[in-house]
$ cat my_file_9.txt   # compact mmCIF, N, CA and C atoms
# COMPACT_ATOMS: atom_id res chain seq x y z
N MET A 135 8.95 65.40 129.60
CA MET A 135 9.69 66.59 129.29
C MET A 135 9.97 66.63 127.79
N ASN A 136 9.72 67.75 127.21
CA ASN A 136 9.92 67.92 125.78
C ASN A 136 11.39 68.24 125.52
N LEU A 137 12.06 67.42 124.71
CA LEU A 137 13.48 67.60 124.44
C LEU A 137 13.76 68.42 123.20
N LEU A 138 12.73 68.87 122.49
CA LEU A 138 12.91 69.64 121.27
C LEU A 138 13.69 70.94 121.50
N PRO A 139 13.44 71.70 122.58
CA PRO A 139 14.26 72.91 122.79
C PRO A 139 15.75 72.60 122.95
N PHE A 140 16.09 71.47 123.56
CA PHE A 140 17.50 71.12 123.73
C PHE A 140 18.15 70.78 122.39
N ARG A 141 17.37 70.18 121.49
CA ARG A 141 17.88 69.90 120.15
C ARG A 141 18.16 71.20 119.41
N ASN A 142 17.26 72.17 119.55
CA ASN A 142 17.47 73.46 118.92
C ASN A 142 18.65 74.20 119.55
N LEU A 143 18.83 74.05 120.87
CA LEU A 143 19.98 74.65 121.54
C LEU A 143 21.27 74.07 120.99
N TYR A 144 21.30 72.75 120.82
CA TYR A 144 22.49 72.10 120.29
C TYR A 144 22.81 72.60 118.88
N LYS A 145 21.76 72.70 118.05
CA LYS A 145 21.99 73.19 116.68
C LYS A 145 22.43 74.64 116.69
N ALA A 146 21.89 75.43 117.61
CA ALA A 146 22.25 76.85 117.67
C ALA A 146 23.70 77.03 118.11
N LEU A 147 24.14 76.25 119.09
CA LEU A 147 25.50 76.42 119.60
C LEU A 147 26.54 75.71 118.74
N ARG A 148 26.19 74.55 118.18
CA ARG A 148 27.15 73.80 117.37
C ARG A 148 27.34 74.45 116.00
N GLY A 149 26.22 74.81 115.37
CA GLY A 149 26.31 75.35 114.02
C GLY A 149 26.22 76.85 113.97
N PHE A 150 26.12 77.50 115.12
CA PHE A 150 26.01 78.96 115.20
C PHE A 150 24.86 79.46 114.33
N SER A 151 23.71 78.82 114.48
CA SER A 151 22.55 79.13 113.65
C SER A 151 21.64 80.11 114.38
N LEU A 152 21.40 81.24 113.75
CA LEU A 152 20.48 82.22 114.32
C LEU A 152 19.05 81.71 114.30
N THR A 153 18.70 80.95 113.29
CA THR A 153 17.35 80.42 113.19
C THR A 153 17.04 79.52 114.37
N PHE A 154 17.91 78.56 114.65
CA PHE A 154 17.65 77.65 115.75
C PHE A 154 17.85 78.32 117.11
N ALA A 155 18.67 79.34 117.18
CA ALA A 155 18.79 80.12 118.41
C ALA A 155 17.47 80.82 118.71
N CYS A 156 16.83 81.38 117.69
CA CYS A 156 15.53 82.04 117.88
C CYS A 156 14.45 81.04 118.24
N VAL A 157 14.46 79.87 117.60
CA VAL A 157 13.47 78.83 117.92
C VAL A 157 13.66 78.38 119.37
N PHE A 158 14.91 78.20 119.80
CA PHE A 158 15.18 77.82 121.19
C PHE A 158 14.72 78.91 122.16
N ALA A 159 15.03 80.16 121.84
CA ALA A 159 14.65 81.26 122.73
C ALA A 159 13.14 81.35 122.88
N PHE A 160 12.43 81.24 121.78
CA PHE A 160 10.96 81.28 121.86
C PHE A 160 10.42 80.09 122.64
N ALA A 161 11.00 78.91 122.46
CA ALA A 161 10.53 77.72 123.19
C ALA A 161 10.78 77.86 124.68
N VAL A 162 11.93 78.38 125.06
CA VAL A 162 12.24 78.55 126.48
C VAL A 162 11.33 79.60 127.11
N LEU A 163 11.00 80.63 126.35
CA LEU A 163 10.13 81.69 126.87
C LEU A 163 8.65 81.31 126.82
N GLY A 164 8.32 80.17 126.22
CA GLY A 164 6.95 79.69 126.22
C GLY A 164 6.14 80.04 125.00
N PHE A 165 6.78 80.52 123.96
CA PHE A 165 6.09 80.84 122.71
C PHE A 165 6.34 79.72 121.71
N SER A 166 5.40 79.51 120.84
CA SER A 166 5.55 78.46 119.83
C SER A 166 5.68 79.09 118.46
N ILE A 167 6.86 78.95 117.87
CA ILE A 167 7.09 79.45 116.52
C ILE A 167 6.21 78.68 115.53
N HIS A 168 6.07 77.38 115.77
CA HIS A 168 5.28 76.56 114.86
C HIS A 168 3.81 76.98 114.88
N ALA A 169 3.27 77.30 116.05
CA ALA A 169 1.88 77.76 116.12
C ALA A 169 1.72 79.11 115.43
N LEU A 170 2.71 79.98 115.59
CA LEU A 170 2.66 81.28 114.93
C LEU A 170 2.68 81.12 113.40
N LEU A 171 3.58 80.28 112.90
CA LEU A 171 3.65 80.05 111.46
C LEU A 171 2.40 79.34 110.95
N ARG A 172 1.84 78.41 111.75
CA ARG A 172 0.60 77.74 111.34
C ARG A 172 -0.55 78.72 111.23
N SER A 173 -0.60 79.70 112.16
CA SER A 173 -1.68 80.68 112.08
C SER A 173 -1.52 81.59 110.86
N ILE A 174 -0.28 81.88 110.48
CA ILE A 174 -0.04 82.69 109.29
C ILE A 174 -0.38 81.90 108.03
N VAL A 175 0.05 80.64 107.99
CA VAL A 175 -0.20 79.80 106.82
C VAL A 175 -1.66 79.33 106.79
N GLY A 176 -2.33 79.36 107.94
CA GLY A 176 -3.70 78.87 108.04
C GLY A 176 -4.69 79.64 107.19
N VAL A 177 -4.35 80.86 106.78
CA VAL A 177 -5.25 81.64 105.93
C VAL A 177 -5.27 81.08 104.51
N LEU A 178 -4.23 80.38 104.15
CA LEU A 178 -4.18 79.77 102.82
C LEU A 178 -5.12 78.56 102.79
N PRO A 179 -5.60 78.21 101.62
CA PRO A 179 -6.52 77.05 101.54
C PRO A 179 -5.77 75.72 101.62
N ILE A 180 -5.00 75.55 102.69
CA ILE A 180 -4.22 74.32 102.89
C ILE A 180 -4.74 73.67 104.16
N LYS A 181 -5.06 72.41 104.08
CA LYS A 181 -5.59 71.70 105.24
C LYS A 181 -4.81 70.40 105.43
N GLY A 182 -5.04 69.77 106.54
CA GLY A 182 -4.46 68.46 106.80
C GLY A 182 -3.02 68.53 107.25
N ILE A 183 -2.28 67.53 106.85
CA ILE A 183 -0.90 67.38 107.30
C ILE A 183 0.00 68.47 106.75
N PHE A 184 -0.36 69.05 105.61
CA PHE A 184 0.46 70.11 105.03
C PHE A 184 0.50 71.33 105.93
N LEU A 185 -0.57 71.57 106.67
CA LEU A 185 -0.60 72.70 107.60
C LEU A 185 0.42 72.51 108.72
N TRP A 186 0.75 71.26 109.05
CA TRP A 186 1.75 70.98 110.07
C TRP A 186 3.16 70.95 109.48
N LEU A 187 3.28 70.58 108.22
CA LEU A 187 4.60 70.44 107.60
C LEU A 187 5.17 71.77 107.10
N ILE A 188 4.32 72.68 106.69
CA ILE A 188 4.80 73.94 106.12
C ILE A 188 5.66 74.74 107.10
N PRO A 189 5.29 74.90 108.39
CA PRO A 189 6.19 75.62 109.31
C PRO A 189 7.56 74.96 109.46
N ILE A 190 7.60 73.64 109.45
CA ILE A 190 8.88 72.94 109.55
C ILE A 190 9.72 73.22 108.31
N ILE A 191 9.08 73.20 107.16
CA ILE A 191 9.79 73.48 105.90
C ILE A 191 10.30 74.92 105.88
N ILE A 192 9.50 75.86 106.38
CA ILE A 192 9.92 77.27 106.42
C ILE A 192 11.16 77.43 107.30
N ILE A 193 11.17 76.79 108.46
CA ILE A 193 12.32 76.89 109.37
C ILE A 193 13.55 76.24 108.74
N MET A 194 13.36 75.11 108.06
CA MET A 194 14.49 74.46 107.40
C MET A 194 15.06 75.34 106.29
N ILE A 195 14.18 75.99 105.52
CA ILE A 195 14.65 76.87 104.45
C ILE A 195 15.40 78.07 105.02
N LEU A 196 14.87 78.65 106.12
CA LEU A 196 15.58 79.77 106.76
C LEU A 196 16.96 79.35 107.26
N ALA A 197 17.05 78.15 107.82
CA ALA A 197 18.35 77.67 108.31
C ALA A 197 19.33 77.45 107.16
N LYS A 198 18.83 76.98 106.01
CA LYS A 198 19.71 76.76 104.86
C LYS A 198 20.14 78.08 104.22
N LEU A 199 19.25 79.09 104.23
CA LEU A 199 19.58 80.37 103.61
C LEU A 199 20.40 81.29 104.51
N GLU A 200 20.51 80.93 105.77
CA GLU A 200 21.19 81.79 106.73
C GLU A 200 22.63 82.13 106.34
N PRO A 201 23.45 81.17 105.88
CA PRO A 201 24.82 81.54 105.48
C PRO A 201 24.86 82.52 104.31
N ARG A 202 23.85 82.48 103.44
CA ARG A 202 23.81 83.44 102.33
C ARG A 202 23.37 84.82 102.81
N LEU A 203 22.42 84.85 103.76
CA LEU A 203 21.91 86.13 104.24
C LEU A 203 22.92 86.83 105.15
N ILE A 204 23.59 86.06 106.00
CA ILE A 204 24.61 86.62 106.90
C ILE A 204 25.88 85.80 106.69
N PRO A 205 26.73 86.21 105.76
CA PRO A 205 27.91 85.39 105.42
C PRO A 205 28.99 85.37 106.50
N ASP A 206 29.02 86.35 107.38
CA ASP A 206 30.07 86.42 108.40
C ASP A 206 29.80 85.41 109.51
N THR A 207 30.66 84.39 109.62
CA THR A 207 30.48 83.34 110.62
C THR A 207 30.64 83.89 112.04
N GLN A 208 31.57 84.79 112.25
CA GLN A 208 31.78 85.35 113.58
C GLN A 208 30.56 86.13 114.04
N LEU A 209 29.93 86.85 113.14
CA LEU A 209 28.72 87.61 113.49
C LEU A 209 27.57 86.67 113.84
N ARG A 210 27.42 85.59 113.07
CA ARG A 210 26.36 84.61 113.38
C ARG A 210 26.63 83.94 114.72
N ARG A 211 27.90 83.60 115.00
CA ARG A 211 28.26 82.97 116.27
C ARG A 211 27.95 83.91 117.44
N LYS A 212 28.31 85.17 117.27
CA LYS A 212 28.09 86.16 118.33
C LYS A 212 26.60 86.34 118.61
N TRP A 213 25.80 86.52 117.55
CA TRP A 213 24.38 86.77 117.73
C TRP A 213 23.64 85.54 118.23
N SER A 214 24.01 84.34 117.79
CA SER A 214 23.34 83.14 118.30
C SER A 214 23.64 82.95 119.79
N GLY A 215 24.88 83.22 120.19
CA GLY A 215 25.20 83.15 121.62
C GLY A 215 24.46 84.18 122.44
N ILE A 216 24.37 85.40 121.92
CA ILE A 216 23.64 86.45 122.63
C ILE A 216 22.17 86.08 122.79
N ILE A 217 21.57 85.54 121.73
CA ILE A 217 20.15 85.18 121.79
C ILE A 217 19.92 84.05 122.79
N VAL A 218 20.76 83.02 122.78
CA VAL A 218 20.59 81.88 123.69
C VAL A 218 20.81 82.30 125.14
N ILE A 219 21.91 82.98 125.41
CA ILE A 219 22.21 83.41 126.78
C ILE A 219 21.18 84.43 127.25
N GLY A 220 20.78 85.35 126.37
CA GLY A 220 19.77 86.34 126.73
C GLY A 220 18.44 85.71 127.08
N ALA A 221 18.04 84.68 126.34
CA ALA A 221 16.77 84.00 126.64
C ALA A 221 16.84 83.29 127.99
N LEU A 222 17.98 82.65 128.26
CA LEU A 222 18.11 81.96 129.56
C LEU A 222 18.11 82.96 130.71
N ILE A 223 18.80 84.09 130.56
CA ILE A 223 18.82 85.12 131.61
C ILE A 223 17.42 85.69 131.79
N LEU A 224 16.70 85.91 130.70
CA LEU A 224 15.35 86.45 130.78
C LEU A 224 14.41 85.49 131.50
N VAL A 225 14.53 84.20 131.24
CA VAL A 225 13.68 83.21 131.92
C VAL A 225 13.95 83.20 133.42
N VAL A 226 15.23 83.21 133.80
CA VAL A 226 15.58 83.21 135.22
C VAL A 226 15.07 84.50 135.88
N THR A 227 15.20 85.63 135.20
CA THR A 227 14.73 86.90 135.75
C THR A 227 13.21 86.91 135.91
N ILE A 228 12.50 86.44 134.92
CA ILE A 228 11.03 86.41 135.00
C ILE A 228 10.58 85.51 136.14
N ASN A 229 11.20 84.33 136.29
CA ASN A 229 10.83 83.44 137.39
C ASN A 229 11.17 84.05 138.74
N GLY A 230 12.30 84.75 138.83
CA GLY A 230 12.65 85.42 140.08
C GLY A 230 11.65 86.50 140.45
N ILE A 231 11.25 87.30 139.49
CA ILE A 231 10.26 88.35 139.74
C ILE A 231 8.92 87.72 140.14
N ARG A 232 8.54 86.66 139.44
CA ARG A 232 7.27 86.00 139.76
C ARG A 232 7.29 85.44 141.18
N LEU A 233 8.39 84.81 141.59
CA LEU A 233 8.47 84.27 142.95
C LEU A 233 8.50 85.37 143.99
N ARG A 234 9.18 86.47 143.68
CA ARG A 234 9.30 87.54 144.67
C ARG A 234 7.97 88.26 144.91
N PHE A 235 7.23 88.54 143.85
CA PHE A 235 6.02 89.34 144.00
C PHE A 235 4.76 88.50 144.16
N PHE A 236 4.75 87.28 143.65
CA PHE A 236 3.53 86.48 143.71
C PHE A 236 3.68 85.24 144.59
N GLY A 237 4.85 85.00 145.13
CA GLY A 237 5.05 83.85 146.01
C GLY A 237 5.19 82.56 145.23
N PRO A 238 5.38 81.47 145.97
CA PRO A 238 5.54 80.17 145.29
C PRO A 238 4.20 79.73 144.69
N PRO A 239 4.26 78.90 143.67
CA PRO A 239 3.01 78.43 143.07
C PRO A 239 2.25 77.54 144.05
N PRO A 240 0.91 77.49 143.95
CA PRO A 240 0.14 76.66 144.87
C PRO A 240 0.41 75.18 144.66
N GLU A 241 0.21 74.42 145.72
CA GLU A 241 0.41 72.98 145.64
C GLU A 241 -0.68 72.36 144.78
N PRO A 242 -0.34 71.36 143.99
CA PRO A 242 -1.38 70.71 143.18
C PRO A 242 -2.35 69.94 144.07
N VAL A 243 -3.60 69.92 143.66
CA VAL A 243 -4.63 69.24 144.42
C VAL A 243 -4.59 67.76 144.07
N THR A 244 -4.50 66.92 145.11
CA THR A 244 -4.50 65.48 144.89
C THR A 244 -5.89 64.94 145.19
N THR A 245 -6.12 63.70 144.84
CA THR A 245 -7.44 63.11 145.05
C THR A 245 -7.72 62.90 146.53
N GLU A 246 -6.68 62.78 147.34
CA GLU A 246 -6.88 62.60 148.77
C GLU A 246 -7.38 63.87 149.43
N GLN A 247 -7.05 65.04 148.85
CA GLN A 247 -7.45 66.31 149.44
C GLN A 247 -8.87 66.69 149.06
N VAL A 248 -9.42 66.10 148.02
CA VAL A 248 -10.76 66.46 147.57
C VAL A 248 -11.77 65.68 148.39
N GLU A 249 -12.67 66.40 149.03
CA GLU A 249 -13.71 65.76 149.83
C GLU A 249 -14.91 65.48 148.94
N GLU A 250 -15.49 64.32 149.16
CA GLU A 250 -16.68 64.00 148.39
C GLU A 250 -17.87 64.72 148.99
N SER A 251 -18.70 65.28 148.15
CA SER A 251 -19.89 65.96 148.65
C SER A 251 -20.93 64.92 149.01
N PRO A 252 -21.71 65.21 150.05
CA PRO A 252 -22.74 64.23 150.46
C PRO A 252 -23.82 64.15 149.37
N PRO A 253 -24.49 63.01 149.30
CA PRO A 253 -25.53 62.89 148.28
C PRO A 253 -26.64 63.90 148.51
N ALA A 254 -27.24 64.33 147.43
CA ALA A 254 -28.29 65.33 147.53
C ALA A 254 -29.51 64.76 148.22
N ARG A 255 -30.05 65.49 149.16
CA ARG A 255 -31.26 65.11 149.87
C ARG A 255 -32.34 66.13 149.54
N GLY A 256 -33.46 65.66 149.30
CA GLY A 256 -34.55 66.57 149.00
C GLY A 256 -35.74 65.79 148.49
N PRO A 257 -36.75 66.54 148.15
CA PRO A 257 -37.96 65.84 147.68
C PRO A 257 -37.71 65.16 146.34
N ARG A 258 -38.25 63.97 146.25
CA ARG A 258 -38.12 63.24 145.01
C ARG A 258 -39.34 63.50 144.15
N SER A 259 -39.10 63.61 142.88
CA SER A 259 -40.24 63.87 142.00
C SER A 259 -41.01 62.59 141.75
N LYS A 260 -42.29 62.73 141.56
CA LYS A 260 -43.14 61.56 141.34
C LYS A 260 -43.43 61.35 139.89
$ encode --input "my_file_9.txt" --output "structure tokens"
Amino acid sequence: MNLLPFRNLYKALRGFSLTFACVFAFAVLGFSIHALLRSIVGVLPIKGIFLWLIPIIIIMILAKLEPRLIPDTQLRRKWSGIIVIGALILVVTINGIRLRFFGPPPEPVTTEQVEESPPARGPRSK
């Protein structure tokens, strides 16, 4: 289990950070902010480890600039809570709709359920 979304949830609720609230919401909904930023940065002639580090640096810079961009702490607290709670409600709603209209997910196939096919019989080439 990936614990990164829970770390972002903690940062969003403890520090009332809109940046980490958005990262948590996207992670819970199944979207990757890091992949999105990598695809945007990927057009630049940057390769290797820097392509992985730049999205992390961008998110850190946004988190540091957040108090300057939105100086009202109560507003940041309100919006981070709305984003986190809204994402959780949306996930529960989507799963409920999926279960109601499409039924439960199929059981995973185990090795005991897979039958071995008989060996091929036929003319042998000379």
$ axis_aligned_box --input "my_file_9.txt" --around "region 201-214 of chain A" --padding-each-side "5 Å" --output "JSON"
{"center_x": 26.8, "center_y": 84.4, "center_z": 111.1, "size_x": 19.9, "size_y": 16.4, "size_z": 27.5}
$ atom_distance --input "my_file_9.txt" --atom1 "CA of Leu222 (chain A)" --atom2 "atom C of Pro242 (chain A)"
27.8 Å
$ select_by_dssp --input "my_file_9.txt" --residues "region 139-209 of chain A" --states "helix (DSSP H, G or I)" --output "ChimeraX atom specification"
/A:139-149,152-163,167-175,183-203,207-209
$ residues_around --input "my_file_9.txt" --residues "Val162 (chain A)" --least-positions-apart "4" --cutoff "9 Å" --atoms "only C-alpha atoms" --output "list in words"
Pro139, Val157, Phe158, Ala221, Leu222 and Val225 of chain A
$ atom_distance --input "my_file_9.txt" --atom1 "atom C of Ser214 (chain A)" --atom2 "atom C of Lys198 (chain A)"
16.7 Å
$ atom_distance --input "my_file_9.txt" --atom1 "atom C of Thr207 (chain A)" --atom2 "atom C of Phe154 (chain A)"
14.8 Å
$ closest_residue --input "my_file_9.txt" --among "A:Gly220, A:Gly182, A:Gly215, A:Pro189" --to "Ala169 (chain A)" --atoms "only N, CA and C atoms"
A:Pro189
$ closest_residue --input "my_file_9.txt" --among "A:Val226, A:Ile216, A:Ile190, A:Ala161" --to "Val175 (chain A)" --atoms "only C-alpha atoms"
A:Ile190
$ closest_residue --input "my_file_9.txt" --among "A:Gly164, A:Thr153, A:Arg255, A:Arg172" --to "Trp186 (chain A)" --atoms "only N, CA and C atoms"
A:Arg172
$ residues_near_point --input "my_file_9.txt" --point "(27.8, 82.9, 111.5)" --cutoff "12 Å" --atoms "only C-alpha atoms" --output "list in words"
Ala146, Leu147, Arg148, Gly149, Phe150, Ser151, Leu152, Thr153, Ala155, Ala197, Leu199, Glu200, Pro201, Arg202, Leu203, Ile204, Pro205, Asp206, Thr207, Gln208, Leu209, Arg210, Arg211, Lys212, Trp213, Ser214 and Gly215 of chain A
